[in-house]
file final01.pdb (PDB, C-alpha atoms)
ATOM      1  CA  MET S   1       7.678 -26.690 -25.019
ATOM      2  CA  LEU S   2       7.962 -24.062 -22.265
ATOM      3  CA  ASN S   3       9.639 -26.636 -20.054
ATOM      4  CA  ASN S   4      12.560 -26.577 -22.494
ATOM      5  CA  TRP S   5      13.112 -22.829 -22.261
ATOM      6  CA  GLY S   6      16.499 -21.905 -20.846
ATOM      7  CA  VAL S   7      17.166 -19.400 -18.080
ATOM      8  CA  GLY S   8      18.304 -16.678 -20.493
ATOM      9  CA  ARG S   9      15.260 -17.001 -22.729
ATOM     10  CA  ILE S  10      12.841 -16.941 -19.800
ATOM     11  CA  LEU S  11      14.368 -13.858 -18.192
ATOM     12  CA  THR S  12      14.881 -11.962 -21.464
ATOM     13  CA  SER S  13      11.259 -12.546 -22.482
ATOM     14  CA  GLY S  14      10.024 -11.448 -19.062
ATOM     15  CA  VAL S  15      12.086  -8.256 -19.023
ATOM     16  CA  LEU S  16      11.007  -7.330 -22.564
ATOM     17  CA  ALA S  17       7.377  -7.895 -21.576
ATOM     18  CA  GLY S  18       7.923  -5.543 -18.620
ATOM     19  CA  VAL S  19       9.339  -2.881 -20.950
ATOM     20  CA  LEU S  20       6.353  -3.157 -23.306
ATOM     21  CA  ILE S  21       3.817  -2.979 -20.452
ATOM     22  CA  THR S  22       5.610   0.052 -18.988
ATOM     23  CA  GLY S  23       5.365   1.736 -22.389
ATOM     24  CA  LEU S  24       1.642   0.992 -22.463
ATOM     25  CA  ILE S  25       1.241   2.576 -19.015
ATOM     26  CA  TRP S  26       2.920   5.723 -20.363
ATOM     27  CA  LEU S  27       0.601   5.776 -23.371
ATOM     28  CA  LEU S  28      -2.585   5.288 -21.355
ATOM     29  CA  GLY S  29      -1.374   7.718 -18.723
ATOM     30  CA  GLN S  30      -1.788  10.616 -21.128
ATOM     31  CA  ARG S  31      -5.545  10.301 -20.554
ATOM     32  CA  LEU S  32      -5.130  11.021 -16.818
ATOM     33  CA  HIS S  33      -3.840  14.595 -17.090
ATOM     34  CA  GLY S  34      -7.282  16.058 -16.466
ATOM     35  CA  ILE S  35      -7.696  14.514 -13.011
ATOM     36  CA  THR S  36      -7.647  17.127 -10.244
ATOM     37  CA  LEU S  37      -5.471  16.307  -7.232
ATOM     38  CA  LEU S  38      -4.894  18.046  -3.912
ATOM     39  CA  PRO S  39      -1.727  20.132  -3.360
ATOM     40  CA  ASP S  40       1.342  18.295  -2.113
ATOM     41  CA  GLN S  41       1.497  18.331   1.704
ATOM     42  CA  GLY S  42       4.980  17.025   2.442
ATOM     43  CA  ALA S  43       7.014  13.836   2.649
ATOM     44  CA  SER S  44       4.282  11.780   4.345
ATOM     45  CA  TRP S  45       1.654  12.811   1.787
ATOM     46  CA  TYR S  46       0.920  10.673  -1.269
ATOM     47  CA  TYR S  47      -0.005  13.077  -4.024
ATOM     48  CA  TRP S  48      -1.698  10.750  -6.558
ATOM     49  CA  LYS S  49      -5.079  10.066  -4.967
ATOM     50  CA  LEU S  50      -8.546  11.477  -5.486
ATOM     51  CA  PRO S  51      -9.632  14.432  -3.306
ATOM     52  CA  GLU S  52     -13.067  12.847  -2.779
ATOM     53  CA  PRO S  53     -12.918   9.049  -2.869
ATOM     54  CA  THR S  54     -16.076   6.960  -2.870
ATOM     55  CA  VAL S  55     -16.941   3.439  -1.769
ATOM     56  CA  TRP S  56     -16.639   2.313  -5.383
ATOM     57  CA  THR S  57     -13.221   3.860  -5.991
ATOM     58  CA  ARG S  58     -11.965   2.173  -2.840
ATOM     59  CA  LEU S  59     -13.468  -1.217  -3.660
ATOM     60  CA  SER S  60     -12.104  -1.003  -7.209
ATOM     61  CA  ALA S  61      -8.589  -1.202  -5.750
ATOM     62  CA  TRP S  62      -9.019  -3.342  -2.629
ATOM     63  CA  LEU S  63     -11.043  -6.194  -4.147
ATOM     64  CA  PRO S  64      -8.692  -6.834  -7.106
ATOM     65  CA  TYR S  65      -5.704  -6.501  -4.775
ATOM     66  CA  ALA S  66      -7.141  -9.160  -2.465
ATOM     67  CA  ALA S  67      -7.951 -11.473  -5.379
ATOM     68  CA  HIS S  68      -4.471 -10.994  -6.884
ATOM     69  CA  GLN S  69      -2.812 -11.680  -3.544
ATOM     70  CA  LEU S  70      -4.833 -14.771  -2.695
ATOM     71  CA  ALA S  71      -4.356 -16.215  -6.185
ATOM     72  CA  LEU S  72      -0.558 -15.970  -5.967
ATOM     73  CA  TRP S  73      -0.466 -17.356  -2.430
ATOM     74  CA  ALA S  74      -2.553 -20.314  -3.594
ATOM     75  CA  LEU S  75      -0.166 -20.953  -6.497
ATOM     76  CA  ILE S  76       2.878 -20.793  -4.200
ATOM     77  CA  PHE S  77       1.233 -23.265  -1.817
ATOM     78  CA  TYR S  78       0.359 -25.574  -4.716
ATOM     79  CA  ALA S  79       3.937 -25.439  -6.031
ATOM     80  CA  GLN S  80       5.408 -26.246  -2.622
ATOM     81  CA  THR S  81       3.031 -29.114  -1.861
ATOM     82  CA  ARG S  82       2.396 -30.614  -5.324
ATOM     83  CA  VAL S  83       5.495 -29.816  -7.416
ATOM     84  CA  GLY S  84       8.377 -29.406  -4.990
ATOM     85  CA  ARG S  85      11.217 -29.852  -7.476
ATOM     86  CA  TYR S  86      13.331 -27.397  -9.437
ATOM     87  CA  SER S  87      13.311 -27.334 -13.214
ATOM     88  CA  ARG S  88      15.464 -25.632 -15.835
ATOM     89  CA  GLY S  89      12.341 -24.576 -17.719
ATOM     90  CA  LEU S  90       8.842 -23.601 -16.643
ATOM     91  CA  HIS S  91       6.447 -25.821 -14.735
ATOM     92  CA  PRO S  92       2.775 -25.526 -15.734
ATOM     93  CA  VAL S  93       2.155 -23.711 -12.431
ATOM     94  CA  ASN S  94       4.714 -21.059 -13.472
ATOM     95  CA  VAL S  95       2.782 -20.467 -16.679
ATOM     96  CA  VAL S  96      -0.411 -20.091 -14.659
ATOM     97  CA  ALA S  97       1.320 -17.586 -12.348
ATOM     98  CA  LEU S  98       2.540 -15.534 -15.326
ATOM     99  CA  VAL S  99      -0.967 -15.511 -16.807
ATOM    100  CA  VAL S 100      -2.489 -14.502 -13.456
ATOM    101  CA  ASN S 101      -0.048 -11.613 -13.052
ATOM    102  CA  THR S 102      -0.611 -10.457 -16.625
ATOM    103  CA  ALA S 103      -4.377 -10.531 -16.152
ATOM    104  CA  PHE S 104      -4.212  -8.457 -12.964
ATOM    105  CA  ILE S 105      -1.816  -5.986 -14.586
ATOM    106  CA  ALA S 106      -4.390  -5.481 -17.348
ATOM    107  CA  LEU S 107      -7.128  -5.162 -14.716
ATOM    108  CA  HIS S 108      -5.141  -2.497 -12.838
ATOM    109  CA  MET S 109      -4.717  -0.547 -16.072
ATOM    110  CA  ALA S 110      -8.471  -0.562 -16.615
ATOM    111  CA  GLN S 111      -9.155   0.215 -12.949
ATOM    112  CA  THR S 112      -6.865   3.262 -13.058
ATOM    113  CA  GLN S 113      -8.608   4.590 -16.142
ATOM    114  CA  LEU S 114     -12.098   4.103 -14.665
ATOM    115  CA  PHE S 115     -11.623   4.776 -10.936
ATOM    116  CA  TYR S 116      -8.021   6.068 -10.631
ATOM    117  CA  ASP S 117      -7.343   5.454  -6.928
ATOM    118  CA  GLY S 118      -5.012   2.769  -5.634
ATOM    119  CA  LEU S 119      -4.603   1.515  -2.080
ATOM    120  CA  ALA S 120      -2.790   4.770  -1.235
ATOM    121  CA  GLN S 121      -6.111   6.391  -0.416
ATOM    122  CA  ASP S 122      -6.377   4.345   2.797
ATOM    123  CA  VAL S 123      -2.851   3.422   3.907
ATOM    124  CA  SER S 124       0.380   5.264   4.651
ATOM    125  CA  ILE S 125       3.002   5.915   2.002
ATOM    126  CA  PHE S 126       5.553   4.422   4.391
ATOM    127  CA  SER S 127       3.795   1.055   4.246
ATOM    128  CA  SER S 128       4.555   0.795   0.534
ATOM    129  CA  GLN S 129       8.183   1.793   0.973
ATOM    130  CA  GLY S 130       8.553  -0.441   4.016
ATOM    131  CA  SER S 131       7.263  -3.522   2.206
ATOM    132  CA  VAL S 132      10.073  -3.331  -0.352
ATOM    133  CA  ILE S 133      12.682  -2.662   2.327
ATOM    134  CA  LEU S 134      11.454  -5.725   4.242
ATOM    135  CA  LEU S 135      11.815  -7.786   1.066
ATOM    136  CA  LEU S 136      15.443  -6.685   0.655
ATOM    137  CA  VAL S 137      16.195  -7.384   4.316
ATOM    138  CA  VAL S 138      14.827 -10.937   4.078
ATOM    139  CA  VAL S 139      17.058 -11.557   1.049
ATOM    140  CA  LEU S 140      20.078 -10.501   3.112
ATOM    141  CA  LEU S 141      19.001 -12.885   5.879
ATOM    142  CA  MET S 142      18.432 -15.829   3.515
ATOM    143  CA  GLU S 143      21.779 -15.332   1.761
ATOM    144  CA  ASN S 144      23.745 -14.872   4.990
ATOM    145  CA  ARG S 145      25.160 -18.410   5.038
ATOM    146  CA  ARG S 146      26.109 -18.408   1.327
ATOM    147  CA  ARG S 147      27.705 -14.995   0.848
ATOM    148  CA  GLY S 148      27.978 -13.627   4.385
ATOM    149  CA  LEU S 149      26.733 -10.280   5.548
ATOM    150  CA  LEU S 150      29.862  -8.273   6.371
ATOM    151  CA  PHE S 151      32.610  -8.622   3.748
ATOM    152  CA  GLY S 152      31.947 -12.316   3.256
ATOM    153  CA  ARG S 153      31.588 -13.136   6.954
ATOM    154  CA  PRO S 154      28.171 -14.501   7.976
ATOM    155  CA  LEU S 155      26.316 -13.428  11.075
ATOM    156  CA  PRO S 156      25.702 -16.218  13.632
ATOM    157  CA  ILE S 157      22.117 -16.785  12.513
ATOM    158  CA  SER S 158      20.821 -20.286  13.236
ATOM    159  CA  ALA S 159      20.155 -22.716  10.409
ATOM    160  CA  GLN S 160      16.541 -23.042  11.600
ATOM    161  CA  VAL S 161      15.939 -19.318  11.110
ATOM    162  CA  ALA S 162      17.475 -19.439   7.629
ATOM    163  CA  ARG S 163      15.379 -22.485   6.675
ATOM    164  CA  PHE S 164      12.206 -20.796   7.898
ATOM    165  CA  ALA S 165      12.970 -17.683   5.839
ATOM    166  CA  ARG S 166      13.710 -19.741   2.730
ATOM    167  CA  ARG S 167      10.579 -21.864   3.058
ATOM    168  CA  TYR S 168       8.142 -19.007   3.579
ATOM    169  CA  HIS S 169       9.796 -16.050   1.856
ATOM    170  CA  GLY S 170       7.660 -16.495  -1.248
ATOM    171  CA  TYR S 171       4.496 -15.508   0.616
ATOM    172  CA  LEU S 172       6.145 -12.381   2.028
ATOM    173  CA  PHE S 173       7.742 -11.362  -1.273
ATOM    174  CA  SER S 174       4.451 -11.889  -3.080
ATOM    175  CA  TRP S 175       2.707  -9.624  -0.579
ATOM    176  CA  ALA S 176       5.396  -6.925  -0.885
ATOM    177  CA  ALA S 177       5.207  -6.872  -4.693
ATOM    178  CA  VAL S 178       1.416  -7.135  -5.051
ATOM    179  CA  TYR S 179       0.701  -4.637  -2.261
ATOM    180  CA  THR S 180       3.076  -2.058  -3.740
ATOM    181  CA  PHE S 181       1.730  -2.732  -7.242
ATOM    182  CA  TRP S 182      -1.842  -1.942  -6.180
ATOM    183  CA  TYR S 183      -0.793   0.919  -3.907
ATOM    184  CA  HIS S 184      -0.200   3.261  -6.851
ATOM    185  CA  PRO S 185      -2.467   4.258  -9.721
ATOM    186  CA  MET S 186      -0.881   3.560 -13.102
ATOM    187  CA  GLU S 187       0.238   7.130 -13.663
ATOM    188  CA  ALA S 188       2.697   8.108 -16.399
ATOM    189  CA  THR S 189       5.157  10.136 -14.323
ATOM    190  CA  SER S 190       8.804   9.093 -14.560
ATOM    191  CA  GLY S 191       8.798   7.906 -10.952
ATOM    192  CA  HIS S 192       5.707   5.750 -11.483
ATOM    193  CA  LEU S 193       7.036   4.234 -14.697
ATOM    194  CA  ILE S 194      10.357   3.292 -13.097
ATOM    195  CA  GLY S 195       8.575   1.914 -10.045
ATOM    196  CA  PHE S 196       6.093  -0.150 -12.047
ATOM    197  CA  PHE S 197       8.872  -1.602 -14.190
ATOM    198  CA  TYR S 198      10.635  -2.675 -10.990
ATOM    199  CA  MET S 199       7.392  -4.211  -9.728
ATOM    200  CA  PHE S 200       7.041  -6.143 -13.001
ATOM    201  CA  LEU S 201      10.514  -7.595 -12.467
ATOM    202  CA  LEU S 202       9.552  -8.640  -8.928
ATOM    203  CA  LEU S 203       6.274 -10.157 -10.139
ATOM    204  CA  LEU S 204       8.236 -12.024 -12.808
ATOM    205  CA  GLN S 205      10.610 -13.349 -10.152
ATOM    206  CA  GLY S 206       7.647 -14.334  -8.002
ATOM    207  CA  SER S 207       6.174 -16.309 -10.922
ATOM    208  CA  LEU S 208       9.350 -18.345 -11.492
ATOM    209  CA  PHE S 209       9.376 -20.317  -8.219
ATOM    210  CA  LEU S 210      11.008 -23.755  -8.478
ATOM    211  CA  THR S 211      12.902 -22.833 -11.650
ATOM    212  CA  ARG S 212      16.624 -22.290 -12.170
ATOM    213  CA  ALA S 213      15.872 -18.752 -13.353
ATOM    214  CA  HIS S 214      14.486 -17.968  -9.890
ATOM    215  CA  THR S 215      17.844 -18.756  -8.258
ATOM    216  CA  ASN S 216      20.198 -17.346 -10.908
ATOM    217  CA  ARG S 217      22.706 -15.267  -8.912
ATOM    218  CA  TRP S 218      23.183 -12.524 -11.486
ATOM    219  CA  TRP S 219      19.437 -12.135 -11.969
ATOM    220  CA  THR S 220      18.679 -11.968  -8.248
ATOM    221  CA  LEU S 221      21.549  -9.503  -7.759
ATOM    222  CA  SER S 222      20.070  -7.341 -10.523
ATOM    223  CA  LEU S 223      16.782  -7.250  -8.613
ATOM    224  CA  GLU S 224      18.596  -6.209  -5.443
ATOM    225  CA  LEU S 225      20.557  -3.482  -7.238
ATOM    226  CA  ALA S 226      17.524  -2.186  -9.136
ATOM    227  CA  VAL S 227      16.371  -0.472  -5.936
ATOM    228  CA  ALA S 228      19.515   1.701  -6.097
ATOM    229  CA  VAL S 229      18.575   2.835  -9.600
ATOM    230  CA  HIS S 230      14.954   3.419  -8.649
ATOM    231  CA  GLY S 231      15.714   5.247  -5.397
ATOM    232  CA  THR S 232      18.351   7.460  -7.001
ATOM    233  CA  LEU S 233      16.254   8.458 -10.013
ATOM    234  CA  VAL S 234      13.169   9.196  -7.921
ATOM    235  CA  ALA S 235      15.283  11.333  -5.561
ATOM    236  CA  VAL S 236      16.643  13.314  -8.532
ATOM    237  CA  MET S 237      13.140  13.778  -9.941
ATOM    238  CA  THR S 238      11.639  14.958  -6.668
ATOM    239  CA  SER S 239      14.449  17.081  -5.219
ATOM    240  CA  GLY S 240      16.635  17.917  -8.220
ATOM    241  CA  PRO S 241      20.373  17.377  -8.781
ATOM    242  CA  ASP S 242      21.232  19.134  -5.512
ATOM    243  CA  GLY S 243      19.011  16.859  -3.454
ATOM    244  CA  ALA S 244      19.720  13.735  -1.432
ATOM    245  CA  TRP S 245      20.181  11.346  -4.358
ATOM    246  CA  PRO S 246      23.837  10.489  -3.442
ATOM    247  CA  MET S 247      22.649   9.058  -0.124
ATOM    248  CA  PHE S 248      20.393   6.608  -1.969
ATOM    249  CA  LEU S 249      22.905   5.762  -4.701
ATOM    250  CA  PHE S 250      25.904   5.189  -2.457
ATOM    251  CA  GLY S 251      23.789   3.843   0.391
ATOM    252  CA  PHE S 252      22.435   0.941  -1.657
ATOM    253  CA  LEU S 253      25.755   0.474  -3.471
ATOM    254  CA  GLY S 254      27.341   0.293  -0.023
ATOM    255  CA  VAL S 255      25.259  -2.826   0.639
ATOM    256  CA  PHE S 256      26.596  -4.218  -2.638
ATOM    257  CA  VAL S 257      30.219  -3.628  -1.592
ATOM    258  CA  ILE S 258      29.762  -4.870   1.971
ATOM    259  CA  THR S 259      27.568  -7.876   1.197
ATOM    260  CA  GLN S 260      26.194  -8.595  -2.241
ATOM    261  CA  MET S 261      29.350  -8.764  -4.366
ATOM    262  CA  HIS S 262      30.790 -11.463  -2.087
ATOM    263  CA  GLY S 263      28.308 -14.025  -3.414
ATOM    264  CA  LEU S 264      29.394 -13.791  -7.047
ATOM    265  CA  GLY S 265      32.644 -15.742  -6.914
ATOM    266  CA  LEU S 266      34.737 -12.672  -7.694
ATOM    267  CA  GLY S 267      38.454 -12.734  -6.903
ATOM    268  CA  ARG S 268      39.932 -10.714  -4.051
ATOM    269  CA  VAL S 269      41.588  -8.228  -6.412
ATOM    270  CA  VAL S 270      38.318  -7.551  -8.241
ATOM    271  CA  ARG S 271      36.473  -7.017  -4.962
ATOM    272  CA  TRP S 272      39.173  -4.621  -3.747
ATOM    273  CA  LEU S 273      38.973  -2.661  -6.999
ATOM    274  CA  LEU S 274      35.185  -2.431  -6.735
ATOM    275  CA  GLY S 275      35.447  -1.273  -3.125
ATOM    276  CA  LEU S 276      38.042   1.384  -3.989
ATOM    277  CA  ALA S 277      35.986   2.581  -6.958
ATOM    278  CA  TYR S 278      32.957   2.891  -4.682
ATOM    279  CA  ALA S 279      34.900   4.919  -2.070
ATOM    280  CA  PHE S 280      36.443   7.150  -4.730
ATOM    281  CA  GLY S 281      33.046   7.772  -6.358
ATOM    282  CA  ALA S 282      31.382   8.715  -3.077
ATOM    283  CA  LEU S 283      34.212  11.079  -2.092
ATOM    284  CA  LEU S 284      34.243  12.639  -5.556
ATOM    285  CA  VAL S 285      30.496  13.322  -5.634
ATOM    286  CA  TYR S 286      30.384  14.796  -2.129
ATOM    287  CA  GLY S 287      33.595  16.707  -2.796
ATOM    288  CA  LEU S 288      32.104  18.330  -5.893
ATOM    289  CA  ARG S 289      29.114  19.277  -3.736
ATOM    290  CA  HIS S 290      31.554  20.868  -1.232
ATOM    291  CA  ASP S 291      30.152  18.632   1.488
ATOM    292  CA  LEU S 292      32.722  15.967   2.306
ATOM    293  CA  SER S 293      31.281  15.520   5.776
ATOM    294  CA  GLY S 294      27.986  14.595   4.130
ATOM    295  CA  VAL S 295      29.538  11.359   2.888
ATOM    296  CA  LEU S 296      28.722   9.903   6.312
ATOM    297  CA  ALA S 297      25.057   9.884   5.252
ATOM    298  CA  VAL S 298      25.709   6.976   2.876
ATOM    299  CA  GLY S 299      26.026   4.717   5.919
ATOM    300  CA  ARG S 300      22.406   5.187   6.936
ATOM    301  CA  ILE S 301      20.858   2.739   4.491
ATOM    302  CA  PRO S 302      23.322  -0.122   5.159
ATOM    303  CA  ALA S 303      23.072   0.475   8.926
ATOM    304  CA  ILE S 304      19.264   0.337   8.806
ATOM    305  CA  GLU S 305      19.226  -2.815   6.662
ATOM    306  CA  TYR S 306      21.743  -4.699   8.814
ATOM    307  CA  LEU S 307      19.966  -3.693  12.004
ATOM    308  CA  LEU S 308      16.695  -4.956  10.531
ATOM    309  CA  VAL S 309      18.355  -8.252   9.583
ATOM    310  CA  ALA S 310      19.369  -8.761  13.218
ATOM    311  CA  VAL S 311      15.921  -7.765  14.516
ATOM    312  CA  LEU S 312      14.112  -9.987  12.008
ATOM    313  CA  ALA S 313      16.370 -12.964  12.747
ATOM    314  CA  ALA S 314      15.734 -12.515  16.479
ATOM    315  CA  MET S 315      11.965 -12.316  15.924
ATOM    316  CA  ILE S 316      11.917 -15.483  13.800
ATOM    317  CA  TRP S 317      14.099 -17.318  16.345
ATOM    318  CA  LEU S 318      11.805 -16.238  19.180
ATOM    319  CA  GLY S 319       8.702 -17.282  17.238
ATOM    320  CA  LEU S 320      10.176 -20.710  16.487
ATOM    321  CA  ALA S 321      11.199 -21.140  20.139
ATOM    322  CA  ILE S 322       7.674 -20.300  21.324
ATOM    323  CA  ALA S 323       6.198 -22.693  18.763
ATOM    324  CA  ARG S 324       8.472 -25.515  19.999
ATOM    325  CA  ARG S 325       7.486 -24.914  23.619
ATOM    326  CA  ARG S 326       3.775 -24.899  22.786
ATOM    327  CA  ARG S 327       4.071 -28.133  20.832
ATOM    328  CA  PRO S 328       2.616 -31.057  22.840
ATOM    329  CA  PRO S 329       5.278 -33.491  24.112
ATOM    330  CA  GLU S 330       5.712 -36.841  22.432
ATOM    331  CA  PRO S 331       3.724 -39.542  24.257
ATOM    332  CA  VAL S 332       5.826 -41.853  26.453
ATOM    333  CA  HIS S 333       4.900 -45.521  26.099
ATOM    334  CA  ASP S 334       5.530 -47.497  29.254
ATOM    335  CA  ARG S 335       5.971 -51.063  28.093
ATOM    336  CA  GLY S 336       6.214 -52.386  31.650
ATOM    337  CA  VAL S 337       8.501 -55.056  33.054
ATOM    338  CA  GLY S 338       9.143 -58.023  30.833
ATOM    339  CA  GLN S 339       7.548 -56.536  27.692
TER     340      GLN S 339
END

call {"tool": "encode", "arguments": {"input": "final01.pdb", "output": "structure tokens"}}
result
Amino acid sequence: MLNNWGVGRILTSGVLAGVLITGLIWLLGQRLHGITLLPDQGASWYYWKLPEPTVWTRLSAWLPYAAHQLALWALIFYAQTRVGRYSRGLHPVNVVALVVNTAFIALHMAQTQLFYDGLAQDVSIFSSQGSVILLLVVVLLMENRRRGLLFGRPLPISAQVARFARRYHGYLFSWAAVYTFWYHPMEATSGHLIGFFYMFLLLLQGSLFLTRAHTNRWWTLSLELAVAVHGTLVAVMTSGPDGAWPMFLFGFLGVFVITQMHGLGLGRVVRWLLGLAYAFGALLVYGLRHDLSGVLAVGRIPAIEYLLVAVLAAMIWLGLAIARRRRPPEPVHDRGVGQ
């Protein structure tokens, strides 16, 4: 029956489930108001962690995280080695992946209520942010040959590098989503709710391997653009309307204009109109803030992402080259004269 589900039905059901679970996090989060936390200590400080963690609070996050991660990696490996074909509907392994993710989401809810702490107690806040950025950068690398990187023009990245990224990206994306999911306690702040909803979308995507839903261009673009919504809203919530939110909004939308919209089959006129609308919007916002020179800040995010694409491609190429050199040579069979 599930194998007959279409792309639209699969994705709509998954998104609605994410909305309902996010609402449940908000409801349960009302019970966490009495937890005492240390004062905020700056940008590198993660506020939502216990002042006095114990061995049990730490293990309550790390052990389920490890089990969640290993379970998804095992399912990805099984799908690649035992299934290996794309389907319009769901394979049985996709159903198992959805059940596994749902079970660990429920476990994280219970863990937050009983022990509170996530992985944030032991690792840097930048590791959580960096994992999602790395995910987005790998998407840019994988899609380079299809939609290009700079206004439809691809970078000269070898086919071997692209194939490597496509074959193994599932393991990396699974780590990025699961690690970030367990990094945070299931708090009910606006930033947490938006972030967890985004994580649910990524976990949904990670459960749909080898299905047509997994490769739907509009769906994958929505996942890429969701980071612009998340980053902008969190910036507004943390620093107010006069803060740095335009840098995040127009920075990530800049990647859309430079790269992402060129993989949608849009006509040249439409792409020009979108580009002009983007430029006008950025100039208008910074003009109203009486800071036209500040519009240059929107280039930081695209510049960082494209630089990371080049660095990552070079690292993969170097790793593959080293692996080829370390591979033992093929044996030479000397048949001898007359054989």

call {"tool": "resolve_selection", "arguments": {"input": "final01.pdb", "expression": "the PyMOL selection byres ((chain S and resi 164) around 12)", "output": "ChimeraX atom specification"}}
result
/S:138,141-142,157-163,165-172,312-313,315-317,319-320

call {"tool": "write_last_selection", "arguments": {"input": "final01.pdb", "atoms": "C-alpha atoms", "output": "tab-separated table (two decimals), in the coordinates of the input"}}
result
chain	number	residue	atom	x	y	z
S	138	VAL	CA	14.83	-10.94	4.08
S	141	LEU	CA	19.00	-12.88	5.88
S	142	MET	CA	18.43	-15.83	3.52
S	157	ILE	CA	22.12	-16.78	12.51
S	158	SER	CA	20.82	-20.29	13.24
S	159	ALA	CA	20.16	-22.72	10.41
S	160	GLN	CA	16.54	-23.04	11.60
S	161	VAL	CA	15.94	-19.32	11.11
S	162	ALA	CA	17.48	-19.44	7.63
S	163	ARG	CA	15.38	-22.48	6.68
S	165	ALA	CA	12.97	-17.68	5.84
S	166	ARG	CA	13.71	-19.74	2.73
S	167	ARG	CA	10.58	-21.86	3.06
S	168	TYR	CA	8.14	-19.01	3.58
S	169	HIS	CA	9.80	-16.05	1.86
S	170	GLY	CA	7.66	-16.50	-1.25
S	171	TYR	CA	4.50	-15.51	0.62
S	172	LEU	CA	6.14	-12.38	2.03
S	312	LEU	CA	14.11	-9.99	12.01
S	313	ALA	CA	16.37	-12.96	12.75
S	315	MET	CA	11.96	-12.32	15.92
S	316	ILE	CA	11.92	-15.48	13.80
S	317	TRP	CA	14.10	-17.32	16.34
S	319	GLY	CA	8.70	-17.28	17.24
S	320	LEU	CA	10.18	-20.71	16.49

call {"tool": "residues_near_point", "arguments": {"input": "final01.pdb", "point": "(25.6, -3.1, 3.7)", "cutoff": "7 Å", "atoms": "all atoms listed in the file", "output": "PyMOL selection string"}}
result
chain S and resi 254-256+258-259+302-303+306

call {"tool": "residues_around", "arguments": {"input": "final01.pdb", "residues": "range 33-48 of chain S", "least_positions_apart": "2", "cutoff": "10 Å", "atoms": "only C-alpha atoms", "output": "list in words"}}
result
Gly29, Gln30, Arg31, Leu50, Pro51, Glu52, Tyr116, Asp117, Gly118, Ala120, Gln121, Val123, Ser124, Ile125, Phe126, His184, Pro185, Met186, Glu187 and Ala188 of chain S

call {"tool": "resolve_selection", "arguments": {"input": "final01.pdb", "expression": "the PyMOL selection byres ((chain S and resi 197-213) around 6)", "output": "MDAnalysis selection string"}}
result
chainID S and resid 7 18 86:88 94 97:98 194:196 214:216

call {"tool": "residues_near_point", "arguments": {"input": "final01.pdb", "point": "(22.1, -18.5, -2.3)", "cutoff": "8 Å", "atoms": "only C-alpha atoms", "output": "number ranges by chain"}}
result
S: 142-143, 145-147, 215, 217, 263

call {"tool": "write_last_selection", "arguments": {"input": "final01.pdb", "atoms": "C-alpha atoms", "output": "compact mmCIF listing (two decimals), in the frame of the given file"}}
result
# COMPACT_ATOMS: atom_id res chain seq x y z
CA MET S 142 18.43 -15.83 3.52
CA GLU S 143 21.78 -15.33 1.76
CA ARG S 145 25.16 -18.41 5.04
CA ARG S 146 26.11 -18.41 1.33
CA ARG S 147 27.70 -15.00 0.85
CA THR S 215 17.84 -18.76 -8.26
CA ARG S 217 22.71 -15.27 -8.91
CA GLY S 263 28.31 -14.02 -3.41

call {"tool": "atom_distance", "arguments": {"input": "final01.pdb", "atom1": "CA of Val137 in chain S", "atom2": "CA of Glu305 in chain S"}}
result
6.0 Å

call {"tool": "resolve_selection", "arguments": {"input": "final01.pdb", "expression": "the PyMOL selection byres ((chain S and resi 230) around 8)", "output": "PyMOL selection string"}}
result
chain S and resi 191+194-195+198+226-229+231-234

call {"tool": "write_last_selection", "arguments": {"input": "final01.pdb", "atoms": "C-alpha atoms", "output": "compact mmCIF listing (two decimals), in the frame of the given file"}}
result
# COMPACT_ATOMS: atom_id res chain seq x y z
CA GLY S 191 8.80 7.91 -10.95
CA ILE S 194 10.36 3.29 -13.10
CA GLY S 195 8.57 1.91 -10.04
CA TYR S 198 10.64 -2.68 -10.99
CA ALA S 226 17.52 -2.19 -9.14
CA VAL S 227 16.37 -0.47 -5.94
CA ALA S 228 19.52 1.70 -6.10
CA VAL S 229 18.58 2.84 -9.60
CA GLY S 231 15.71 5.25 -5.40
CA THR S 232 18.35 7.46 -7.00
CA LEU S 233 16.25 8.46 -10.01
CA VAL S 234 13.17 9.20 -7.92

call {"tool": "closest_residue", "arguments": {"input": "final01.pdb", "among": "S:Gly287, S:Gly152, S:Pro246, S:Gly294", "to": "Leu266 in chain S", "atoms": "all atoms listed in the file"}}
result
S:Gly152

call {"tool": "residues_around", "arguments": {"input": "final01.pdb", "residues": "range 61-63 of chain S", "least_positions_apart": "6", "cutoff": "9 Å", "atoms": "all atoms listed in the file", "output": "list in words"}}
result
His108, Gln111, Thr112, Phe115, Tyr116, Asp117, Gly118, Leu119, Trp182 and Tyr183 of chain S

call {"tool": "atom_distance", "arguments": {"input": "final01.pdb", "atom1": "CA of Leu283 in chain S", "atom2": "CA of Val295 in chain S"}}
result
6.8 Å

call {"tool": "residues_around", "arguments": {"input": "final01.pdb", "residues": "Leu107 in chain S", "least_positions_apart": "5", "cutoff": "10 Å", "atoms": "all atoms listed in the file", "output": "PyMOL selection string"}}
result
chain S and resi 60-61+64+101-102+112-113

call {"tool": "axis_aligned_box", "arguments": {"input": "final01.pdb", "around": "range 203-220 of chain S", "padding_each_side": "8 Å", "output": "JSON"}}
result
{"center_x": 14.7, "center_y": -17.0, "center_z": -10.7, "size_x": 33.0, "size_y": 29.6, "size_z": 21.4}

call {"tool": "atom_distance", "arguments": {"input": "final01.pdb", "atom1": "CA of Leu225 in chain S", "atom2": "CA of Leu253 in chain S"}}
result
7.5 Å

call {"tool": "closest_residue", "arguments": {"input": "final01.pdb", "among": "S:Arg325, S:Arg300, S:Arg268, S:His68", "to": "Phe104 in chain S", "atoms": "all atoms listed in the file"}}
result
S:His68
